[in-house]
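Colleague: Data: data-v1.cif, mmCIF, C-alpha atoms.
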data_work
#
loop_
_atom_site.label_atom_id
_atom_site.label_comp_id
_atom_site.auth_asym_id
_atom_site.auth_seq_id
_atom_site.Cartn_x
_atom_site.Cartn_y
_atom_site.Cartn_z
CA MET K 1 61.52 234.19 -21.63
CA LEU K 2 57.80 233.46 -21.33
CA GLU K 3 58.50 230.46 -19.12
CA ARG K 4 60.68 232.59 -16.85
CA LEU K 5 57.95 235.24 -16.61
CA ARG K 6 55.38 232.55 -15.86
CA GLN K 7 57.50 231.28 -13.00
CA SER K 8 58.30 234.76 -11.70
CA LEU K 9 57.22 235.22 -8.08
CA ALA K 10 56.96 238.98 -8.58
CA LEU K 11 54.54 238.55 -11.50
CA ARG K 12 52.40 236.09 -9.56
CA LEU K 13 52.26 238.41 -6.56
CA ALA K 14 51.31 241.37 -8.77
CA LEU K 15 48.58 239.33 -10.49
CA GLN K 16 47.15 238.22 -7.16
CA TYR K 17 47.24 241.81 -5.94
CA ALA K 18 45.39 242.98 -9.08
CA LEU K 19 42.73 240.27 -8.70
CA VAL K 20 42.16 241.19 -5.08
CA PHE K 21 41.92 244.86 -6.07
CA ALA K 22 39.40 244.05 -8.83
CA PHE K 23 37.26 241.99 -6.44
CA VAL K 24 37.25 244.70 -3.78
CA ALA K 25 36.50 247.39 -6.38
CA ALA K 26 33.59 245.37 -7.77
CA VAL K 27 32.13 244.90 -4.29
CA LEU K 28 32.47 248.62 -3.54
CA PHE K 29 30.93 249.60 -6.89
CA GLY K 30 28.01 247.24 -6.34
CA ALA K 31 27.38 248.64 -2.88
CA LEU K 32 27.58 252.22 -4.17
CA TYR K 33 25.26 251.45 -7.11
CA TRP K 34 22.65 249.88 -4.83
CA THR K 35 22.88 252.74 -2.33
CA LEU K 36 22.45 255.44 -4.98
CA ALA K 37 19.56 253.64 -6.69
CA ASP K 38 17.77 253.16 -3.39
CA ALA K 39 18.34 256.81 -2.43
CA LEU K 40 16.99 258.12 -5.76
CA GLU K 41 13.97 255.85 -5.65
CA ASN K 42 13.14 256.96 -2.13
CA ARG K 43 13.54 260.63 -3.12
CA GLU K 44 11.13 260.37 -6.05
CA GLN K 45 8.63 258.33 -4.05
CA THR K 46 8.74 260.91 -1.25
CA ALA K 47 8.07 263.73 -3.74
CA VAL K 48 5.05 261.91 -5.20
CA GLN K 49 3.65 261.11 -1.75
CA ALA K 50 4.01 264.74 -0.67
CA ARG K 51 2.30 265.96 -3.88
CA ALA K 52 -0.55 263.51 -3.41
CA THR K 53 -1.09 264.65 0.20
CA GLU K 54 -1.05 268.31 -0.85
CA LEU K 55 -3.57 267.82 -3.69
CA ALA K 56 -5.89 265.69 -1.53
CA SER K 57 -5.97 268.52 1.03
CA LEU K 58 -6.90 271.00 -1.71
CA TYR K 59 -9.68 268.69 -2.94
CA GLU K 60 -11.11 268.44 0.58
CA ARG K 61 -11.24 272.25 0.86
CA GLY K 62 -12.54 273.21 -2.59
CA GLY K 63 -13.38 270.13 -4.56
CA THR K 64 -12.67 269.65 -8.21
CA ALA K 65 -12.69 273.37 -9.05
CA LEU K 66 -9.95 274.30 -6.57
CA LEU K 67 -7.89 271.29 -7.63
CA ARG K 68 -8.26 272.23 -11.32
CA ALA K 69 -7.21 275.82 -10.66
CA ARG K 70 -4.09 274.67 -8.83
CA LEU K 71 -3.14 272.25 -11.60
CA ASP K 72 -3.60 274.93 -14.29
CA ARG K 73 -1.42 277.35 -12.32
CA ASP K 74 1.32 274.74 -11.86
CA SER K 75 1.29 273.77 -15.55
CA ALA K 76 1.79 277.42 -16.51
CA SER K 77 4.81 277.76 -14.19
CA PRO K 78 8.08 276.62 -15.89
CA SER K 79 9.74 275.92 -12.53
CA ALA K 80 7.08 273.50 -11.26
CA ARG K 81 7.60 269.79 -11.74
CA SER K 82 5.10 268.08 -14.05
CA PHE K 83 2.92 265.56 -12.23
CA PHE K 84 0.25 263.30 -13.74
CA VAL K 85 -2.95 263.81 -11.73
CA ARG K 86 -6.38 262.24 -12.08
CA VAL K 87 -9.47 261.70 -9.96
CA LEU K 88 -11.56 258.52 -10.44
CA ARG K 89 -14.96 257.58 -9.11
CA PRO K 90 -15.36 254.19 -7.42
CA ASP K 91 -16.54 252.77 -10.78
CA ASN K 92 -13.30 254.07 -12.39
CA GLU K 93 -15.17 256.84 -14.24
CA LEU K 94 -12.82 259.75 -14.89
CA VAL K 95 -13.67 262.96 -12.98
CA LEU K 96 -10.53 265.02 -13.58
CA VAL K 97 -7.22 264.49 -15.32
CA SER K 98 -4.09 266.55 -15.83
CA VAL K 99 -1.52 265.03 -18.14
CA PRO K 100 1.92 266.67 -18.45
CA PRO K 101 3.53 266.76 -21.87
CA ASP K 102 6.05 264.12 -20.85
CA TRP K 103 3.26 261.57 -20.58
CA ILE K 104 1.74 262.28 -24.02
CA GLN K 105 2.92 260.34 -27.02
CA THR K 106 2.39 262.02 -30.40
CA GLN K 107 1.77 259.95 -33.55
CA ILE K 108 1.11 261.03 -37.13
CA GLU K 109 -1.95 259.44 -38.65
CA ARG K 110 -2.05 259.27 -42.49
CA LEU K 111 -5.49 259.43 -44.17
CA PRO K 112 -5.38 258.44 -47.88
CA PHE K 113 -7.66 260.31 -50.31
CA PRO K 114 -7.85 260.12 -54.10
CA GLY K 115 -4.91 262.09 -55.42
CA PHE K 116 -3.40 263.08 -52.06
CA THR K 117 -2.77 261.93 -48.47
CA LEU K 118 -3.94 263.83 -45.42
CA THR K 119 -1.89 263.65 -42.21
CA ARG K 120 -3.06 264.58 -38.75
CA PRO K 121 -1.48 264.19 -35.34
CA THR K 122 -3.03 261.89 -32.75
CA TYR K 123 -2.21 261.97 -29.07
CA ALA K 124 -2.19 259.16 -26.57
CA VAL K 125 -1.16 258.90 -22.93
CA ARG K 126 1.56 256.27 -22.51
CA VAL K 127 2.47 254.96 -19.07
CA PRO K 128 5.40 254.71 -18.88
CA GLN K 129 6.35 256.89 -21.77
CA SER K 130 9.10 254.55 -23.08
CA ALA K 131 11.40 251.77 -22.05
CA LEU K 132 13.89 254.40 -20.90
CA ARG K 133 11.42 256.11 -18.55
CA ASP K 134 9.84 254.80 -15.39
CA TYR K 135 7.30 256.34 -13.05
CA ALA K 136 6.47 256.65 -9.38
CA ILE K 137 2.82 256.83 -8.35
CA ALA K 138 0.84 257.50 -5.16
CA SER K 139 -2.88 257.35 -4.49
CA ARG K 140 -5.19 258.88 -1.86
CA GLU K 141 -8.79 257.99 -1.07
CA LEU K 142 -10.85 261.19 -0.95
CA PRO K 143 -13.70 261.91 1.54
CA ASP K 144 -16.38 261.60 -1.17
CA GLY K 145 -15.22 258.11 -2.11
CA ASN K 146 -13.27 259.16 -5.18
CA ASN K 147 -9.61 258.12 -5.65
CA LEU K 148 -6.81 260.59 -6.32
CA GLN K 149 -3.79 259.34 -8.24
CA VAL K 150 -0.54 261.28 -8.65
CA GLY K 151 2.33 260.11 -10.86
CA LEU K 152 5.81 261.34 -11.73
CA LEU K 153 8.05 260.31 -14.58
CA VAL K 154 11.61 259.41 -13.58
CA GLU K 155 14.64 258.26 -15.49
CA SER K 156 15.05 254.49 -15.42
CA GLN K 157 18.08 253.16 -13.56
CA THR K 158 19.43 251.82 -16.84
CA VAL K 159 19.63 255.32 -18.33
CA LEU K 160 20.41 257.15 -15.09
CA PHE K 161 23.37 255.02 -14.14
CA ALA K 162 24.75 254.34 -17.64
CA PRO K 163 27.24 257.28 -17.44
CA LEU K 164 28.13 256.25 -13.90
CA ARG K 165 28.77 252.69 -15.02
CA ARG K 166 30.91 253.89 -17.93
CA ALA K 167 32.85 256.19 -15.62
CA PHE K 168 33.39 253.39 -13.14
CA ALA K 169 34.42 251.01 -15.90
CA THR K 170 36.95 253.50 -17.29
CA VAL K 171 38.32 254.45 -13.88
CA GLY K 172 38.31 250.82 -12.74
CA ALA K 173 40.20 249.62 -15.82
CA GLY K 174 42.77 252.38 -15.42
CA ALA K 175 43.11 251.73 -11.70
CA LEU K 176 43.44 247.99 -12.32
CA ALA K 177 46.17 248.52 -14.90
CA LEU K 178 47.94 251.01 -12.65
CA SER K 179 47.66 248.72 -9.62
CA PHE K 180 49.03 245.83 -11.66
CA ALA K 181 51.98 247.92 -12.84
CA VAL K 182 52.64 249.21 -9.32
CA GLY K 183 52.24 245.70 -7.96
CA VAL K 184 54.77 244.35 -10.46
CA PHE K 185 57.25 247.07 -9.50
CA LEU K 186 56.78 246.59 -5.75
CA ALA K 187 56.85 242.80 -5.96
CA TRP K 188 59.92 242.89 -8.22
CA ARG K 189 61.64 245.19 -5.74
CA ALA K 190 60.55 243.16 -2.71
CA THR K 191 61.77 239.88 -4.21
CA ARG K 192 65.18 241.28 -5.16
CA PRO K 193 66.87 239.45 -2.23
CA LEU K 194 65.37 236.16 -3.42
CA ARG K 195 66.77 236.71 -6.92
CA ALA K 196 70.15 237.53 -5.37
CA VAL K 197 69.97 234.26 -3.42
CA ALA K 198 69.14 232.33 -6.59
CA ASP K 199 71.94 234.02 -8.56
CA THR K 200 74.51 233.37 -5.82
CA THR K 201 73.45 229.75 -5.49
CA ARG K 202 73.63 229.29 -9.25
CA ARG K 203 77.11 230.84 -9.32
CA ILE K 204 78.35 228.59 -6.50
CA LEU K 205 77.00 225.48 -8.22
CA ALA K 206 78.48 226.51 -11.57
CA THR K 207 81.92 227.67 -10.43
CA GLY K 208 82.39 226.04 -7.03
CA ASP K 209 83.32 229.43 -5.58
CA LEU K 210 82.57 228.96 -1.87
CA ALA K 211 83.58 232.56 -1.18
CA ALA K 212 80.50 233.91 -2.99
CA ARG K 213 77.98 235.62 -0.72
CA VAL K 214 74.53 237.06 -1.23
CA PRO K 215 74.48 240.89 -1.24
CA GLY K 216 72.04 241.33 1.61
CA PRO K 217 69.55 244.19 2.11
CA GLU K 218 69.72 246.41 5.15
CA GLY K 219 67.05 246.32 7.83
CA LYS K 220 65.36 243.75 10.02
CA GLY K 221 62.77 242.32 7.62
CA GLU K 222 62.19 238.63 6.97
CA LEU K 223 64.08 238.63 3.65
CA ALA K 224 67.01 240.52 5.17
CA ALA K 225 67.14 237.98 8.01
CA LEU K 226 66.94 235.15 5.46
CA VAL K 227 69.89 236.56 3.50
CA ARG K 228 71.96 237.01 6.65
CA GLN K 229 71.22 233.47 7.80
CA LEU K 230 72.07 232.10 4.36
CA ASN K 231 75.38 233.98 4.37
CA THR K 232 76.08 232.63 7.85
CA LEU K 233 75.36 229.14 6.58
CA LEU K 234 77.71 229.67 3.63
CA ASP K 235 80.40 230.95 6.01
CA ARG K 236 80.05 227.85 8.16
CA ASN K 237 80.11 225.53 5.19
CA ALA K 238 83.22 227.26 3.85
CA ALA K 239 84.82 226.93 7.29
CA HIS K 240 83.93 223.22 7.41
CA VAL K 241 85.40 222.68 3.95
CA ARG K 242 88.55 224.58 4.96
CA VAL K 243 88.87 222.54 8.17
CA LEU K 244 88.32 219.35 6.19
CA ARG K 245 91.11 220.25 3.78
CA GLU K 246 93.41 221.19 6.63
CA THR K 247 92.47 217.99 8.43
CA LEU K 248 93.34 215.89 5.41
CA ASP K 249 96.63 217.74 5.00
CA ASN K 250 97.52 217.35 8.68
CA LEU K 251 96.39 213.73 8.70
CA ALA K 252 98.57 212.97 5.68
CA HIS K 253 101.48 214.68 7.42
CA ASP K 254 100.96 212.88 10.73
CA LEU K 255 100.49 209.50 9.10
CA ARG K 256 103.53 209.90 6.88
CA THR K 257 105.97 209.91 9.85
CA PRO K 258 104.84 206.67 11.57
CA LEU K 259 104.32 204.88 8.29
CA THR K 260 107.78 205.91 7.07
CA ARG K 261 109.28 204.80 10.37
CA LEU K 262 107.33 201.56 10.19
CA ARG K 263 108.62 200.89 6.70
CA GLY K 264 112.17 201.75 7.64
CA THR K 265 112.09 199.46 10.68
CA ALA K 266 110.72 196.61 8.60
CA GLU K 267 113.41 197.12 5.96
CA LEU K 268 116.14 197.07 8.63
CA ALA K 269 114.70 193.87 10.05
CA LEU K 270 114.74 192.28 6.61
CA GLN K 271 118.35 193.36 6.04
CA ASP K 272 119.49 191.98 9.39
CA ALA K 273 121.69 188.89 9.27
CA GLY K 274 119.24 186.96 11.36
CA ASP K 275 119.77 188.27 14.87
CA PRO K 276 116.59 187.30 16.75
CA ALA K 277 116.96 190.10 19.28
CA GLU K 278 117.15 192.76 16.56
CA ALA K 279 114.18 191.21 14.76
CA ARG K 280 112.07 191.25 17.94
CA ALA K 281 113.03 194.88 18.61
CA ALA K 282 112.10 195.79 15.04
CA LEU K 283 108.76 194.00 15.37
CA ALA K 284 108.12 195.77 18.68
CA ASP K 285 108.74 199.14 16.99
CA CYS K 286 106.40 198.14 14.18
CA VAL K 287 103.70 197.25 16.70
CA ASN K 288 104.15 200.58 18.51
CA GLU K 289 103.94 202.59 15.31
CA SER K 290 100.91 200.56 14.19
CA ASP K 291 99.22 201.27 17.51
CA ARG K 292 99.95 204.96 17.11
CA VAL K 293 98.39 205.02 13.63
CA LEU K 294 95.40 203.01 14.78
CA HIS K 295 94.90 205.30 17.77
CA LEU K 296 95.01 208.33 15.50
CA LEU K 297 92.42 206.83 13.13
CA GLU K 298 90.17 205.79 16.02
CA VAL K 299 90.24 209.29 17.46
CA LEU K 300 89.40 210.77 14.05
CA LEU K 301 86.50 208.37 13.66
CA ASP K 302 85.23 209.26 17.13
CA ILE K 303 85.44 212.98 16.40
CA SER K 304 83.61 212.55 13.09
CA ALA K 305 80.90 210.49 14.77
CA ALA K 306 80.54 213.09 17.52
CA GLU K 307 80.23 215.96 15.02
CA ALA K 308 77.69 213.95 13.02
CA GLY K 309 75.68 213.30 16.18
CA VAL K 310 75.95 209.50 15.89
CA LEU K 311 78.58 208.83 18.55
CA LYS K 312 77.22 206.09 20.75
CA LEU K 313 77.37 206.81 24.47
CA ASN K 314 76.99 204.02 27.02
CA ARG K 315 75.43 205.87 29.93
CA ASP K 316 75.75 204.31 33.38
CA HIS K 317 75.11 205.51 36.89
CA LEU K 318 78.52 206.47 38.27
CA ASP K 319 80.34 208.68 40.73
CA ILE K 320 82.68 211.05 38.91
CA ARG K 321 85.03 210.96 41.89
CA THR K 322 86.07 207.48 40.76
CA LEU K 323 87.10 208.81 37.32
CA VAL K 324 89.03 211.69 38.88
CA GLU K 325 90.88 209.39 41.29
CA ARG K 326 91.68 207.00 38.46
CA ALA K 327 93.08 209.81 36.28
CA ALA K 328 95.14 211.19 39.17
CA ASP K 329 96.58 207.75 39.93
CA LEU K 330 97.39 207.22 36.24
CA TYR K 331 99.37 210.45 35.91
CA ARG K 332 100.79 210.76 39.42
CA GLU K 333 104.04 208.99 38.54
CA VAL K 334 104.53 211.18 35.47
CA ALA K 335 103.81 214.24 37.61
CA GLU K 336 106.41 213.25 40.18
CA GLU K 337 109.02 212.86 37.46
CA LYS K 338 108.30 216.45 36.34
CA ASP K 339 108.21 217.74 39.93
CA ILE K 340 104.48 218.53 39.72
CA THR K 341 102.16 218.03 42.69
CA VAL K 342 98.72 216.64 41.79
CA ILE K 343 95.96 217.67 44.23
CA VAL K 344 92.48 216.14 44.13
CA ASP K 345 89.70 218.29 45.61
CA GLN K 346 86.33 216.51 45.60
CA PRO K 347 84.68 216.75 49.00
CA THR K 348 81.16 215.59 48.13
CA PRO K 349 79.71 212.72 46.10
CA ALA K 350 79.04 213.55 42.45
CA GLU K 351 76.74 210.92 40.97
CA CYS K 352 75.28 211.17 37.49
CA GLN K 353 74.36 209.27 34.32
CA ALA K 354 77.32 209.39 31.92
CA ASP K 355 79.61 207.39 29.67
CA ALA K 356 82.55 206.50 31.94
CA ILE K 357 84.99 205.90 29.06
CA ARG K 358 84.30 209.17 27.21
CA LEU K 359 84.16 211.28 30.36
CA GLY K 360 87.33 209.66 31.72
CA GLN K 361 89.03 210.34 28.38
CA ALA K 362 88.16 214.05 28.65
CA ILE K 363 89.55 214.27 32.20
CA ASN K 364 92.69 212.41 31.17
CA ASN K 365 93.27 214.75 28.23
CA LEU K 366 93.01 217.83 30.43
CA LEU K 367 95.33 216.38 33.06
CA ASP K 368 97.81 215.23 30.41
CA ASN K 369 98.00 218.73 28.89
CA ALA K 370 98.46 220.29 32.32
CA LEU K 371 101.43 218.04 33.01
CA LYS K 372 102.99 218.51 29.57
CA TYR K 373 103.27 222.28 29.71
CA ARG K 374 104.82 222.95 33.12
CA HIS K 375 106.33 226.38 33.70
CA PRO K 376 110.11 225.91 33.88
CA GLU K 377 110.60 228.49 36.65
CA ARG K 378 107.73 227.56 38.96
CA ALA K 379 106.98 224.71 41.32
CA GLY K 380 104.39 222.74 39.41
CA VAL K 381 100.94 222.36 40.98
CA CYS K 382 97.96 220.74 39.26
CA THR K 383 94.58 220.66 41.00
CA VAL K 384 91.65 218.55 39.89
CA ARG K 385 88.56 220.07 41.51
CA LEU K 386 85.07 218.59 41.50
CA ARG K 387 82.06 220.67 42.49
CA ALA K 388 78.37 219.84 42.70
CA GLU K 389 76.06 222.85 42.25
CA ARG K 390 72.34 222.18 42.09
CA ARG K 391 71.82 220.27 38.86
CA TRP K 392 75.38 220.75 37.57
CA LEU K 393 78.62 218.88 38.18
CA THR K 394 81.80 220.78 37.33
CA VAL K 395 85.25 219.25 36.86
CA GLU K 396 88.13 221.74 36.76
CA VAL K 397 91.78 221.01 36.00
CA VAL K 398 93.77 224.02 37.19
CA ASP K 399 97.54 224.36 36.83
CA ASN K 400 100.19 227.07 37.04
CA GLY K 401 101.89 226.16 33.77
CA ILE K 402 102.71 228.33 30.80
CA GLY K 403 99.04 228.54 29.76
CA VAL K 404 97.55 229.31 26.35
CA PRO K 405 97.78 232.80 24.77
CA SER K 406 94.41 234.56 24.64
CA ASP K 407 94.50 234.82 20.85
CA LYS K 408 94.99 231.06 20.52
CA ARG K 409 92.28 229.85 22.87
CA LYS K 410 89.63 229.45 20.19
CA ALA K 411 92.00 227.66 17.85
CA ILE K 412 92.83 224.89 20.34
CA PHE K 413 89.37 223.40 19.86
CA GLU K 414 90.01 222.77 16.15
CA ARG K 415 91.34 219.50 14.81
CA PHE K 416 95.12 219.11 14.74
CA ALA K 417 95.50 222.52 16.40
CA ARG K 418 98.68 222.73 18.47
CA VAL K 419 99.98 225.92 20.01
CA GLU K 420 103.70 226.27 19.53
CA GLY K 421 105.85 228.82 21.29
CA PRO K 422 108.57 229.44 23.87
CA GLY K 423 108.66 226.73 26.53
CA ARG K 424 106.38 224.43 24.57
CA GLY K 425 108.61 222.58 22.17
CA ARG K 426 106.98 219.71 20.40
CA ALA K 427 105.16 217.95 23.22
CA GLY K 428 103.75 215.19 21.06
CA GLY K 429 100.12 214.38 20.36
CA HIS K 430 98.05 215.21 17.31
CA GLY K 431 95.90 218.09 18.49
CA LEU K 432 92.84 215.84 18.70
CA GLY K 433 92.30 215.87 22.44
#
As structure tokens, what does this structure read like?

Modeller:
Amino acid sequence: MLERLRQSLALRLALQYALVFAFVAAVLFGALYWTLADALENREQTAVQARATELASLYERGGTALLRARLDRDSASPSARSFFVRVLRPDNELVLVSVPPDWIQTQIERLPFPGFTLTRPTYAVRVPQSALRDYAIASRELPDGNNLQVGLLVESQTVLFAPLRRAFATVGAGALALSFAVGVFLAWRATRPLRAVADTTRRILATGDLAARVPGPEGKGELAALVRQLNTLLDRNAAHVRVLRETLDNLAHDLRTPLTRLRGTAELALQDAGDPAEARAALADCVNESDRVLHLLEVLLDISAAEAGVLKLNRDHLDIRTLVERAADLYREVAEEKDITVIVDQPTPAECQADAIRLGQAINNLLDNALKYRHPERAGVCTVRLRAERRWLTVEVVDNGIGVPSDKRKAIFERFARVEGPGRGRAGGHGLG
């Protein structure tokens, strides 16, 4: 089970999605953290600078007395922010100082006496107050040479952003878990066609059921197209297997007749009392039947080679008119016996690079079929027409025979396919033309 989960495409996609989400979330949180910290720092620094400018202006107008009065009034107001303020002479001698309570650290001093211990509080200014507090400070040089310093305690970024970090961590962990779960669901759903393909393939390999097909999804997506193409491939393979079985059955049937006849002729020749004429006739029949079997096997081998794409073609520069004239001359006598007129229509040269034997065989097959299936109530006419059109050469064999029914026209291109019906009889051949 664990191995199957480890190899699951859906799980890997969901994990990758979660990692990408975590990386993007971390980048966004870092950018937000830096932006907020910078904004808060600038706000506090702006407040201190403004306070320092305001107090320096007061000092210029009224000196230390006016500055002291303003600081006492601000310290008595609960709504005023507490600023640390001091004025120093150039030799760092203190002129004025105002320390807010936040800056004062209180300690208890213990004084031992005989029989008892006396405690008293001591106060000290601590800058910054603690590790959890920071400060912003601004200074102004006064007209009399003194230096004004203004400070403000602020929360350190560690304390200020601790709740924010915890909130982000909680939300981020929940979002990561949710995104992983959603990613698993979406990836599992998206890869359903792939699992169907794997299941169908496994069933075909296990049972040999070539009729099994993948239940394909609707739509025009890549996976839907993949399923449809796979089903098309399975259909074609099943058709090839069916044709192969039919071919073997038909081949066994067509070979059985000449081989049986060959055996019967040979047995009659052996039973003959020694008449040389009968023996020669029997041997001639054996040769004819052997040639028929060999021709059938050669045609099957040629068709198999052609379908496999390995049929060797000996291309030569030739004029197709020569092949047409040769085919017409070959079948003209047969045509006259069947009262069929053969007309050759090839007014212009038709030169090309082609295999003369294979191309001549195709023309002969067409002409042979046209002569075999003459309409019994019509004057037979068979026209072999050759046309040259731009880059194409077209050879047409047109006759007014009984024709092929429209529902059988696709079947005639299959191996051993022969259309039977009224006026056709059994015209010979193997359906391999």

Colleague: Quick check on the file I pasted: which residues fall under the PyMOL selection byres ((chain K and resi 263) around 12)? Write them as a compact mmCIF listing (two decimals) with C-alpha atoms, in the frame of the given file.

Modeller:
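What landed in selection-v2.txt:
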# COMPACT_ATOMS: atom_id res chain seq x y z
CA ARG K 256 103.53 209.90 6.88
CA THR K 257 105.97 209.91 9.85
CA PRO K 258 104.84 206.67 11.57
CA LEU K 259 104.32 204.88 8.29
CA THR K 260 107.78 205.91 7.07
CA ARG K 261 109.28 204.80 10.37
CA LEU K 262 107.33 201.56 10.19
CA GLY K 264 112.17 201.75 7.64
CA THR K 265 112.09 199.46 10.68
CA ALA K 266 110.72 196.61 8.60
CA GLU K 267 113.41 197.12 5.96
CA LEU K 268 116.14 197.07 8.63
CA ALA K 269 114.70 193.87 10.05
CA LEU K 270 114.74 192.28 6.61
CA ALA K 282 112.10 195.79 15.04
CA LEU K 283 108.76 194.00 15.37
CA ASP K 285 108.74 199.14 16.99
CA CYS K 286 106.40 198.14 14.18
CA VAL K 287 103.70 197.25 16.70
CA GLU K 289 103.94 202.59 15.31
CA SER K 290 100.91 200.56 14.19

Colleague: Please write as a VMD selection string the full residue list that the PyMOL selection byres ((chain K and resi 305-322) around 9) yields on this file.

Modeller: chain K and resid 300 to 304 323 to 327 346 348 to 360 386 393 395

Colleague: How about saving the chosen residues, C-alpha atoms kept, as an mmCIF file, in the coordinates of the input?

Modeller:
data_model
loop_
_atom_site.group_PDB
_atom_site.id
_atom_site.type_symbol
_atom_site.label_atom_id
_atom_site.label_comp_id
_atom_site.auth_asym_id
_atom_site.auth_seq_id
_atom_site.Cartn_x
_atom_site.Cartn_y
_atom_site.Cartn_z
ATOM 1 C CA LEU K 300 89.400 210.770 14.050
ATOM 2 C CA LEU K 301 86.500 208.370 13.660
ATOM 3 C CA ASP K 302 85.230 209.260 17.130
ATOM 4 C CA ILE K 303 85.440 212.980 16.400
ATOM 5 C CA SER K 304 83.610 212.550 13.090
ATOM 6 C CA LEU K 323 87.100 208.810 37.320
ATOM 7 C CA VAL K 324 89.030 211.690 38.880
ATOM 8 C CA GLU K 325 90.880 209.390 41.290
ATOM 9 C CA ARG K 326 91.680 207.000 38.460
ATOM 10 C CA ALA K 327 93.080 209.810 36.280
ATOM 11 C CA GLN K 346 86.330 216.510 45.600
ATOM 12 C CA THR K 348 81.160 215.590 48.130
ATOM 13 C CA PRO K 349 79.710 212.720 46.100
ATOM 14 C CA ALA K 350 79.040 213.550 42.450
ATOM 15 C CA GLU K 351 76.740 210.920 40.970
ATOM 16 C CA CYS K 352 75.280 211.170 37.490
ATOM 17 C CA GLN K 353 74.360 209.270 34.320
ATOM 18 C CA ALA K 354 77.320 209.390 31.920
ATOM 19 C CA ASP K 355 79.610 207.390 29.670
ATOM 20 C CA ALA K 356 82.550 206.500 31.940
ATOM 21 C CA ILE K 357 84.990 205.900 29.060
ATOM 22 C CA ARG K 358 84.300 209.170 27.210
ATOM 23 C CA LEU K 359 84.160 211.280 30.360
ATOM 24 C CA GLY K 360 87.330 209.660 31.720
ATOM 25 C CA LEU K 386 85.070 218.590 41.500
ATOM 26 C CA LEU K 393 78.620 218.880 38.180
ATOM 27 C CA VAL K 395 85.250 219.250 36.860
#

Colleague: Between K:Leu96, K:Val48, K:Val214, K:Leu371, which has the minimum distance to Ala69 (chain K) (counting all atoms listed in the file)?

Modeller: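 That would be K:Leu96, the residue with the smallest distance to Ala69 (chain K).
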
Colleague: Evaluate the PyMOL selection byres ((chain K and resi 18) around 10) on the structure here and hand back the selected residues as a ChimeraX atom specification.

Modeller: /K:12-17,19-24,175-184

Colleague: Measuring between only C-alpha atoms, which one of K:Asp38, K:Asp144, K:Glu377, K:Glu396 shows the shortest distance to Val87 (chain K)?

Modeller: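 The answer is K:Asp144, which sits nearest to Val87 (chain K).
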
Colleague: From the list K:Leu148, K:Ala284, K:Ala50, K:Ala26, which residue is nearest Gly63 (chain K) when using only C-alpha atoms?

Modeller: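 Going through K:Leu148, K:Ala284, K:Ala50, K:Ala26 one by one, the smallest distance to Gly63 (chain K) is for K:Leu148.
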
Colleague: By how many Å are CA of Asp74 (chain K) and CA of Pro101 (chain K) apart?

Modeller: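 Rounded to one decimal, the two atoms are 13.0 Å apart.
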
Colleague: Please identify all polymer residues lying at most 12 Å from the point (100.9, 229.3, 31.7) (file coordinates), using all atoms listed in the file, and present the result as an mmCIF file with C-alpha atoms, keeping the file's coordinate frame.

Modeller:
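This is the output file out-v5.cif:
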data_model
loop_
_atom_site.group_PDB
_atom_site.id
_atom_site.type_symbol
_atom_site.label_atom_id
_atom_site.label_comp_id
_atom_site.auth_asym_id
_atom_site.auth_seq_id
_atom_site.Cartn_x
_atom_site.Cartn_y
_atom_site.Cartn_z
ATOM 1 C CA ASN K 369 98.000 218.730 28.890
ATOM 2 C CA ALA K 370 98.460 220.290 32.320
ATOM 3 C CA LEU K 371 101.430 218.040 33.010
ATOM 4 C CA LYS K 372 102.990 218.510 29.570
ATOM 5 C CA TYR K 373 103.270 222.280 29.710
ATOM 6 C CA ARG K 374 104.820 222.950 33.120
ATOM 7 C CA HIS K 375 106.330 226.380 33.700
ATOM 8 C CA PRO K 376 110.110 225.910 33.880
ATOM 9 C CA GLU K 377 110.600 228.490 36.650
ATOM 10 C CA ARG K 378 107.730 227.560 38.960
ATOM 11 C CA GLY K 380 104.390 222.740 39.410
ATOM 12 C CA VAL K 381 100.940 222.360 40.980
ATOM 13 C CA CYS K 382 97.960 220.740 39.260
ATOM 14 C CA VAL K 398 93.770 224.020 37.190
ATOM 15 C CA ASP K 399 97.540 224.360 36.830
ATOM 16 C CA ASN K 400 100.190 227.070 37.040
ATOM 17 C CA GLY K 401 101.890 226.160 33.770
ATOM 18 C CA ILE K 402 102.710 228.330 30.800
ATOM 19 C CA GLY K 403 99.040 228.540 29.760
ATOM 20 C CA VAL K 404 97.550 229.310 26.350
ATOM 21 C CA PRO K 405 97.780 232.800 24.770
ATOM 22 C CA SER K 406 94.410 234.560 24.640
ATOM 23 C CA GLY K 421 105.850 228.820 21.290
ATOM 24 C CA PRO K 422 108.570 229.440 23.870
ATOM 25 C CA GLY K 423 108.660 226.730 26.530
ATOM 26 C CA ARG K 424 106.380 224.430 24.570
#

Colleague: In Å, how far is it from CA of Pro100 (chain K) to CA of Ala56 (chain K)?

Modeller: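 Interatomic distance here is 18.7 Å.
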
Colleague: Which is closest to Glu414 (chain K) among K:Thr35, K:Tyr59, K:Glu246, K:Ala76, if we use all atoms listed in the file?

Modeller: K:Glu246

Colleague: What lies within 10 Å of Ile137 (chain K) using all atoms listed in the file, ignoring chain neighbours under 3 positions off, as a ChimeraX atom specification?

Modeller: /K:44-45,47-49,52,83-85,149-153

Colleague: Using all atoms listed in the file, determine which residues lie at most 12 Å from region 225-237 of chain K, disregarding the query and same-chain residues fewer than 4 positions distant; provide the list as a list in words.

Modeller: Thr191, Arg192, Pro193, Leu194, Arg195, Ala196, Val197, Ala198, Thr200, Thr201, Ile204, Asp209, Leu210, Ala211, Ala212, Arg213, Val214, Pro215, Gly216, Pro217, Glu218, Gly219, Lys220, Gly221, Val241, Arg242, Val243 and Leu244 of chain K
